[in-house]
>>> print(open('my_file_36.txt').read())   # compact mmCIF, C-alpha atoms and all ligand atoms
# COMPACT_ATOMS: atom_id res chain seq x y z
CA MET A 1 -68.22 -41.19 -62.74
CA ILE A 2 -67.15 -37.61 -63.35
CA THR A 3 -68.59 -35.07 -60.88
CA ASN A 4 -70.02 -31.64 -61.67
CA THR A 5 -67.02 -30.04 -59.95
CA GLN A 6 -64.67 -32.00 -62.23
CA ILE A 7 -66.69 -30.99 -65.31
CA ASN A 8 -66.43 -27.38 -64.20
CA THR A 9 -62.65 -27.71 -63.71
CA PHE A 10 -62.33 -29.10 -67.23
CA GLU A 11 -64.38 -26.29 -68.76
CA GLN A 12 -62.63 -23.46 -66.89
CA GLU A 13 -59.05 -24.74 -66.70
CA GLY A 14 -58.93 -26.89 -69.86
CA ALA A 15 -57.97 -30.18 -68.18
CA VAL A 16 -59.10 -32.58 -65.47
CA THR A 17 -57.85 -35.96 -64.18
CA ILE A 18 -60.21 -38.61 -62.77
CA ASP A 19 -60.17 -42.25 -61.65
CA THR A 20 -61.35 -45.08 -63.95
CA PRO A 21 -62.48 -48.68 -63.34
CA LEU A 22 -59.60 -50.18 -65.39
CA THR A 23 -58.14 -53.23 -63.65
CA ASP A 24 -54.50 -53.93 -62.80
CA ASP A 25 -54.62 -56.81 -65.32
CA GLN A 26 -55.78 -54.54 -68.14
CA LEU A 27 -53.06 -52.00 -67.33
CA THR A 28 -50.33 -54.65 -67.08
CA GLN A 29 -51.30 -56.25 -70.40
CA ALA A 30 -51.43 -52.87 -72.14
CA ALA A 31 -47.99 -51.90 -70.75
CA GLN A 32 -46.47 -55.22 -71.84
CA LEU A 33 -47.83 -54.85 -75.37
CA MET A 34 -46.59 -51.25 -75.56
CA ASP A 35 -43.12 -52.45 -74.52
CA THR A 36 -43.19 -54.97 -77.38
CA LEU A 37 -44.54 -52.55 -80.00
CA LEU A 38 -42.69 -49.38 -79.06
CA PRO A 39 -38.90 -49.77 -78.68
CA LEU A 40 -36.67 -46.69 -79.08
CA GLY A 41 -37.15 -45.37 -82.62
CA PRO A 42 -34.39 -44.96 -85.22
CA PRO A 43 -32.92 -41.44 -85.52
CA ARG A 44 -34.67 -38.99 -87.83
CA PRO A 45 -32.76 -38.19 -91.04
CA GLY A 46 -29.73 -36.05 -90.19
CA GLU A 47 -29.93 -36.77 -86.45
CA LYS A 48 -27.84 -39.01 -84.24
CA LYS A 49 -30.16 -39.41 -81.26
CA PRO A 50 -32.78 -42.17 -81.31
CA ARG A 51 -36.43 -41.16 -81.12
CA TYR A 52 -37.48 -41.36 -77.48
CA ARG A 53 -41.18 -40.64 -78.07
CA VAL A 54 -42.64 -43.45 -80.16
CA GLY A 55 -46.19 -44.45 -80.92
CA GLU A 56 -48.76 -46.20 -82.99
CA ASN A 57 -52.23 -45.10 -84.10
CA SER A 58 -55.45 -46.92 -84.99
CA LEU A 59 -55.31 -49.69 -82.41
CA LEU A 60 -56.93 -53.11 -82.99
CA GLN A 61 -55.10 -55.46 -80.58
CA PRO A 62 -57.38 -57.27 -78.06
CA SER A 63 -55.56 -55.85 -74.99
CA PHE A 64 -56.18 -52.35 -76.32
CA VAL A 65 -59.72 -52.99 -77.57
CA SER A 66 -60.74 -54.13 -74.06
CA ILE A 67 -59.86 -50.61 -72.85
CA ILE A 68 -61.50 -48.83 -75.80
CA ALA A 69 -64.69 -50.86 -75.23
CA ASN A 70 -65.03 -49.95 -71.53
CA PRO A 71 -68.39 -48.13 -71.19
CA PHE A 72 -66.95 -45.82 -68.53
CA PHE A 73 -65.16 -43.69 -71.13
CA GLU A 74 -68.28 -43.30 -73.25
CA GLU A 75 -70.25 -42.17 -70.18
CA VAL A 76 -67.60 -39.58 -69.24
CA MET A 77 -67.62 -38.23 -72.81
CA LYS A 78 -71.42 -37.98 -72.84
CA LYS A 79 -71.27 -35.79 -69.74
CA LEU A 80 -68.46 -33.55 -71.01
CA LEU A 81 -69.98 -33.21 -74.50
CA TYR A 82 -73.59 -32.73 -73.24
CA THR A 83 -75.04 -35.44 -75.46
CA ASP A 84 -76.46 -38.98 -75.26
CA ASN A 85 -74.65 -40.10 -78.36
CA VAL A 86 -70.88 -40.07 -78.87
CA VAL A 87 -68.65 -41.79 -81.41
CA ILE A 88 -64.96 -42.65 -81.48
CA THR A 89 -62.74 -40.65 -83.85
CA ASN A 90 -59.31 -42.20 -83.30
CA THR A 91 -57.05 -44.12 -80.92
CA ALA A 92 -53.31 -44.02 -80.26
CA ILE A 93 -50.58 -45.16 -77.91
CA ARG A 94 -47.38 -43.30 -77.06
CA LYS A 95 -44.38 -44.46 -75.08
CA THR A 96 -41.80 -41.87 -74.09
CA HIS A 97 -38.50 -43.49 -73.19
CA PRO A 98 -36.44 -41.90 -70.40
CA GLN A 99 -33.58 -39.44 -71.03
CA PRO A 100 -32.54 -38.67 -67.41
CA ASN A 101 -29.85 -36.12 -68.30
CA ALA A 102 -31.63 -34.33 -71.12
CA LYS A 103 -32.96 -30.78 -71.05
CA PHE A 104 -36.69 -30.60 -70.26
CA GLU A 105 -38.45 -29.26 -73.36
CA ILE A 106 -42.08 -28.93 -74.47
CA GLY A 107 -43.39 -29.10 -78.05
CA GLU A 108 -46.25 -26.64 -77.56
CA HIS A 109 -49.17 -26.40 -80.00
CA THR A 110 -52.94 -26.43 -80.31
CA ASP A 111 -54.69 -29.17 -82.30
CA ILE A 112 -58.17 -27.73 -82.66
CA THR A 113 -59.68 -24.26 -82.92
CA TYR A 114 -63.04 -23.47 -81.33
CA GLY A 115 -65.11 -20.35 -80.85
CA LEU A 116 -66.71 -19.74 -77.44
CA ALA A 117 -70.09 -20.83 -78.87
CA ASP A 118 -68.65 -24.23 -79.90
CA MET A 119 -67.64 -24.85 -76.26
CA ALA A 120 -71.03 -23.68 -74.91
CA SER A 121 -73.43 -25.42 -77.32
CA LYS A 122 -75.33 -28.59 -76.38
CA PRO A 123 -74.09 -30.93 -77.65
CA ARG A 124 -70.67 -29.35 -77.60
CA ARG A 125 -69.25 -28.82 -81.11
CA MET A 126 -65.99 -30.38 -79.99
CA ASP A 127 -63.66 -33.34 -80.33
CA LEU A 128 -62.41 -34.54 -76.96
CA GLY A 129 -59.46 -36.74 -76.22
CA LEU A 130 -58.94 -39.02 -73.24
CA PHE A 131 -55.37 -39.61 -72.13
CA ILE A 132 -55.37 -42.83 -70.11
CA TRP A 133 -52.25 -43.30 -67.99
CA ILE A 134 -51.12 -46.92 -68.19
CA LYS A 135 -48.42 -46.28 -65.55
CA ASP A 136 -47.86 -43.40 -63.12
CA VAL A 137 -46.93 -40.04 -64.68
CA GLY A 138 -45.09 -37.57 -62.44
CA PRO A 139 -43.82 -34.05 -63.21
CA LYS A 140 -40.54 -35.47 -64.63
CA THR A 141 -42.07 -38.45 -66.51
CA ALA A 142 -42.75 -36.61 -69.78
CA PRO A 143 -46.02 -35.17 -68.51
CA LEU A 144 -48.38 -33.58 -70.99
CA MET A 145 -47.96 -29.85 -70.34
CA TYR A 146 -50.76 -27.31 -70.82
CA ARG A 147 -51.51 -23.66 -70.23
CA PRO A 148 -54.66 -23.34 -68.08
CA LYS A 149 -57.51 -21.26 -69.56
CA SER A 150 -55.71 -20.77 -72.90
CA HIS A 151 -58.58 -22.55 -74.73
CA LEU A 152 -60.94 -19.77 -73.58
CA GLN A 153 -58.44 -16.99 -74.33
CA ILE A 154 -57.90 -18.20 -77.91
CA ALA A 155 -61.62 -18.83 -78.47
CA GLN A 156 -62.39 -15.26 -77.33
CA TRP A 157 -59.75 -13.98 -79.74
CA MET A 158 -61.24 -16.05 -82.55
CA ASP A 159 -64.65 -14.56 -81.86
CA ASP A 160 -63.30 -10.99 -81.88
CA ARG A 161 -60.70 -11.33 -84.64
CA PRO A 162 -61.06 -14.61 -86.51
CA THR A 163 -57.55 -14.58 -87.89
CA TYR A 164 -56.01 -17.44 -85.95
CA LEU A 165 -56.40 -19.95 -88.74
CA THR A 166 -55.46 -17.76 -91.66
CA LYS A 167 -51.71 -18.28 -91.47
CA SER A 168 -50.35 -21.15 -93.53
CA THR A 169 -53.76 -22.68 -94.13
CA ASP A 170 -54.66 -24.20 -97.48
CA ILE A 171 -58.28 -25.26 -97.05
CA ASN A 172 -57.97 -27.51 -100.10
CA ASN A 173 -56.21 -29.92 -97.74
CA TYR A 174 -59.23 -29.99 -95.40
CA VAL A 175 -62.77 -31.30 -95.34
CA ASN A 176 -65.77 -29.46 -93.85
CA MET A 177 -64.11 -26.03 -93.96
CA GLN A 178 -65.79 -23.26 -95.94
CA ASP A 179 -62.97 -20.78 -95.48
CA THR A 180 -59.83 -20.31 -93.41
CA HIS A 181 -61.85 -18.93 -90.47
CA SER A 182 -64.18 -21.95 -90.25
CA ARG A 183 -64.52 -23.48 -86.83
CA PRO A 184 -64.63 -25.85 -85.15
CA ALA A 185 -61.62 -27.15 -87.01
CA GLY A 186 -58.99 -29.76 -86.23
CA HIS A 187 -55.86 -27.94 -87.25
CA ALA A 188 -52.41 -27.95 -85.60
CA LYS A 189 -51.06 -24.47 -84.79
CA HIS A 190 -47.70 -23.57 -83.32
CA PRO A 191 -46.28 -20.65 -81.28
CA ASP A 192 -45.78 -18.37 -84.31
CA ASP A 193 -49.51 -18.58 -85.01
CA TRP A 194 -50.77 -17.75 -81.53
CA PRO A 195 -52.45 -14.46 -80.80
CA ASP A 196 -50.38 -12.07 -78.70
CA LEU A 197 -52.05 -12.70 -75.33
CA GLU A 198 -50.81 -13.15 -71.75
CA PHE A 199 -50.99 -16.92 -71.32
CA GLU A 200 -50.36 -18.68 -68.03
CA ASP A 201 -47.16 -20.71 -67.72
CA PRO A 202 -47.46 -24.39 -68.74
CA ILE A 203 -48.17 -26.86 -65.93
CA PRO A 204 -47.86 -30.68 -65.95
CA VAL A 205 -50.78 -33.10 -66.20
CA VAL A 206 -49.85 -35.80 -63.67
CA GLY A 207 -51.74 -38.96 -62.78
CA HIS A 208 -51.59 -42.45 -61.38
CA ALA A 209 -51.77 -45.67 -63.39
CA GLY A 210 -55.40 -46.22 -64.33
CA GLN A 211 -56.41 -42.56 -64.15
CA VAL A 212 -57.53 -40.62 -67.19
CA SER A 213 -56.95 -36.97 -68.08
CA VAL A 214 -59.18 -35.05 -70.42
CA VAL A 215 -57.36 -32.11 -71.98
CA ASN A 216 -59.03 -29.56 -74.25
CA GLN A 217 -56.86 -29.74 -77.35
CA ALA A 218 -57.73 -26.13 -78.18
CA ALA A 219 -55.66 -25.19 -75.11
CA ILE A 220 -51.94 -24.70 -75.65
CA HIS A 221 -50.38 -28.03 -74.73
CA GLY A 222 -47.54 -30.31 -75.66
CA ALA A 223 -45.52 -33.41 -74.99
CA SER A 224 -42.42 -32.96 -72.85
CA THR A 225 -39.05 -34.63 -72.42
CA ASN A 226 -38.92 -37.63 -70.09
CA VAL A 227 -36.20 -36.62 -67.60
CA ASP A 228 -37.26 -39.42 -65.22
CA THR A 229 -35.69 -42.90 -65.14
CA LYS A 230 -38.80 -44.84 -66.23
CA PRO A 231 -40.89 -44.66 -69.43
CA ARG A 232 -44.21 -42.87 -69.78
CA TYR A 233 -47.15 -44.81 -71.27
CA SER A 234 -50.21 -42.99 -72.63
CA PHE A 235 -53.30 -44.39 -74.30
CA PHE A 236 -55.44 -41.96 -76.28
CA ILE A 237 -59.10 -42.31 -77.32
CA GLY A 238 -60.76 -39.48 -79.26
CA PHE A 239 -64.53 -38.91 -79.15
CA ARG A 240 -67.04 -36.56 -80.80
CA PRO A 241 -70.83 -36.06 -80.50
CA ARG A 242 -72.37 -38.21 -83.22
CA ASP A 243 -73.92 -35.43 -85.32
CA VAL A 244 -71.24 -32.77 -84.95
CA VAL A 245 -69.26 -31.90 -88.08
CA MET A 246 -65.65 -30.77 -87.66
CA GLY A 247 -63.27 -29.28 -90.15
CA GLU A 248 -60.24 -31.53 -90.36
CA ALA A 249 -57.28 -32.45 -92.55
CA LYS A 250 -58.13 -34.81 -95.41
CA SER A 251 -55.39 -37.16 -94.25
CA ARG A 252 -56.98 -37.43 -90.79
CA PHE A 253 -60.47 -37.82 -92.26
CA ASN A 254 -59.29 -40.58 -94.60
CA GLY A 255 -57.45 -42.29 -91.76
CA ARG A 256 -60.68 -42.48 -89.76
CA GLN A 257 -62.55 -43.87 -92.76
CA SER A 258 -60.04 -46.66 -93.06
CA TYR A 259 -59.62 -47.43 -89.32
CA LEU A 260 -63.13 -47.30 -87.88
CA PRO A 261 -64.69 -50.14 -89.94
CA LYS A 262 -61.82 -52.35 -88.74
CA LEU A 263 -62.40 -51.26 -85.15
CA ARG A 264 -66.10 -52.15 -85.46
CA GLU A 265 -65.09 -55.70 -86.45
CA VAL A 266 -63.16 -56.21 -83.21
CA LEU A 267 -65.48 -54.35 -80.81
CA PRO A 268 -68.12 -56.40 -78.98
CA PRO A 269 -71.52 -56.07 -80.76
CA ASP A 270 -73.00 -54.06 -77.88
CA ARG A 271 -70.34 -51.38 -78.49
CA HIS A 272 -70.87 -50.96 -82.26
CA HIS A 273 -72.81 -47.73 -81.66
CA LEU A 274 -69.43 -46.06 -80.96
CA ILE A 275 -68.62 -46.17 -84.68
CA PRO A 276 -69.80 -43.08 -86.65
CA ASP A 277 -72.49 -43.40 -89.34
CA ASP A 278 -70.32 -41.88 -92.06
CA VAL A 279 -67.86 -44.79 -92.24
CA GLN A 280 -68.63 -47.77 -94.43
FE FE A 301 -51.66 -32.19 -79.30
>>> encode(input="my_file_36.txt", output="structure tokens")
Amino acid sequence: MITNTQINTFEQEGAVTIDTPLTDDQLTQAAQLMDTLLPLGPPRPGEKKPRYRVGENSLLQPSFVSIIANPFFEEVMKKLLYTDNVVITNTAIRKTHPQPNAKFEIGEHTDITYGLADMASKPRRMDLGLFIWIKDVGPKTAPLMYRPKSHLQIAQWMDDRPTYLTKSTDINNYVNMQDTHSRPAGHAKHPDDWPDLEFEDPIPVVGHAGQVSVVNQAAIHGASTNVDTKPRYSFFIGFRPRDVVMGEAKSRFNGRQSYLPKLREVLPPDRHHLIPDDVQ
């Protein structure tokens, strides 16, 4: 289980990596299925290179559901979100194929905007994502990169000058947002949007097969190029305290409404409480 020191690291730095009870069998089966489902992708329109980072969302396959259903992840989320009641928001897999001679690049962004009060309330008014490493991830194996403490820097800025969300935001495309300053809000923002602050340099999130990293998606983070010789495999599960309401894109909200009833059908009955009340 996650320790108080690890919780503190997550809150201050924005990320922490811990061990899990996943078995070698579960990891092997998940990796084999990801190999089948996620070959190199076709080039994007106008490009020649294949897509090296490929994925699938809204997982229902038994090998994946056995990981989603593991009570360990729910218990970790309860601790980090300061609540006895968490629900799943979404699931996803990503495989990043190797490009040993490519330039190492990072697609930096934030996914969610919080104020400091959102990250201090009990329960936390936050979505949290678990990145489970199906195989080892080293500093060259397309690690998730993040800038430590940037979640707190941006939240402070939002509290002082709530302008972060105003650029290029049409709230008609969102649910649960009163205005463009509303937070917490799931909302992707890119370097042009960031406040002019001194952020730390990005560092890699590395881990062994079977470990999980929790990364605050309000921190500046991003996928990187796989300049190693082996693929990277990540397995994502998103959680939220049951009664917390988040602003989010209509497309994401509708995706959850369609996925989560199907997930309930394949989860063991004693795990049905992980499905939110607001899905039919
Ligand atoms: Fe992200």
>>> closest_atom_pairs(input="my_file_36.txt", of="chain A", to="ligand FE 301 (chain A)", cutoff="10 Å", atoms="all atoms listed in the file", output="CSV")
residue,atom,partner,partner_atom,distance
A:Gly107,CA,A:FE301,FE,8.9
A:Glu108,CA,A:FE301,FE,7.9
A:His109,CA,A:FE301,FE,6.3
A:Thr110,CA,A:FE301,FE,6.0
A:Asp111,CA,A:FE301,FE,5.2
A:Ile112,CA,A:FE301,FE,8.6
A:Gly129,CA,A:FE301,FE,9.5
A:Leu144,CA,A:FE301,FE,9.0
A:Met145,CA,A:FE301,FE,10.0
A:Tyr146,CA,A:FE301,FE,9.8
A:His187,CA,A:FE301,FE,9.9
A:Ala188,CA,A:FE301,FE,7.6
A:Lys189,CA,A:FE301,FE,9.5
A:Val215,CA,A:FE301,FE,9.3
A:Asn216,CA,A:FE301,FE,9.3
A:Gln217,CA,A:FE301,FE,6.1
A:Ala218,CA,A:FE301,FE,8.7
A:Ala219,CA,A:FE301,FE,9.1
A:Ile220,CA,A:FE301,FE,8.3
A:His221,CA,A:FE301,FE,6.3
A:Gly222,CA,A:FE301,FE,5.8
A:Ala223,CA,A:FE301,FE,7.6
>>> closest_residue(input="my_file_36.txt", among="A:Tyr52, A:Phe104, A:Tyr82, A:Tyr233", to="A:Gln32", atoms="only C-alpha atoms")
A:Tyr233
>>> atom_distance(input="my_file_36.txt", atom1="atom CA of A:Lys262", atom2="atom CA of A:Gly238")
16.0 Å
>>> residues_around(input="my_file_36.txt", residues="A:Met119", least_positions_apart="5", cutoff="9 Å", atoms="only C-alpha atoms", output="MDAnalysis selection string")
chainID A and resid 11 81 114 124:126 152 155
>>> atom_distance(input="my_file_36.txt", atom1="atom CA of A:Gly115", atom2="atom CA of A:Gln211")
29.1 Å
>>> atom_distance(input="my_file_36.txt", atom1="atom CA of A:Ala92", atom2="atom CA of A:Pro195")
29.6 Å
>>> residues_around(input="my_file_36.txt", residues="stretch 265-271 of chain A", least_positions_apart="2", cutoff="8 Å", atoms="all atoms listed in the file", output="PyMOL selection string")
chain A and resi 60+62+65+69+261-263+273-274
>>> closest_residue(input="my_file_36.txt", among="A:Thr141, A:Gln6, A:Ser150, A:Asn57", to="A:Val214", atoms="only C-alpha atoms")
A:Gln6
>>> closest_residue(input="my_file_36.txt", among="A:Asn70, A:Asn85, A:Thr225, A:Ser182", to="A:Pro139", atoms="all atoms listed in the file")
A:Thr225
>>> residues_around(input="my_file_36.txt", residues="A:Thr96", least_positions_apart="4", cutoff="12 Å", atoms="all atoms listed in the file", output="count of residues only")
33
>>> closest_residue(input="my_file_36.txt", among="A:Ser63, A:Arg256, A:Val86, A:Ala117", to="A:Ala31", atoms="only C-alpha atoms")
A:Ser63
>>> closest_residue(input="my_file_36.txt", among="A:Arg242, A:His190, A:Lys49, A:Arg161", to="A:Lys78", atoms="all atoms listed in the file")
A:Arg242
>>> closest_residue(input="my_file_36.txt", among="A:Met177, A:Ile2, A:Ala209, A:Leu197", to="A:Lys79", atoms="all atoms listed in the file")
A:Ile2
>>> residues_around(input="my_file_36.txt", residues="A:Ser58", least_positions_apart="6", cutoff="7 Å", atoms="all atoms listed in the file", output="list of chain:residue names")
A:Asn90, A:Thr91, A:Ala92, A:Tyr259
>>> axis_aligned_box(input="my_file_36.txt", around="stretch 200-204 of chain A", padding_each_side="4 Å", output="AutoDock Vina command-line options")
--center_x -48.8 --center_y -24.7 --center_z -67.3 --size_x 11.2 --size_y 20.0 --size_z 10.8
>>> residues_near_point(input="my_file_36.txt", point="(-57.7, -28.9, -91.0)", cutoff="7 Å", atoms="all atoms listed in the file", output="ChimeraX atom specification")
/A:173-174,185-187,247-249
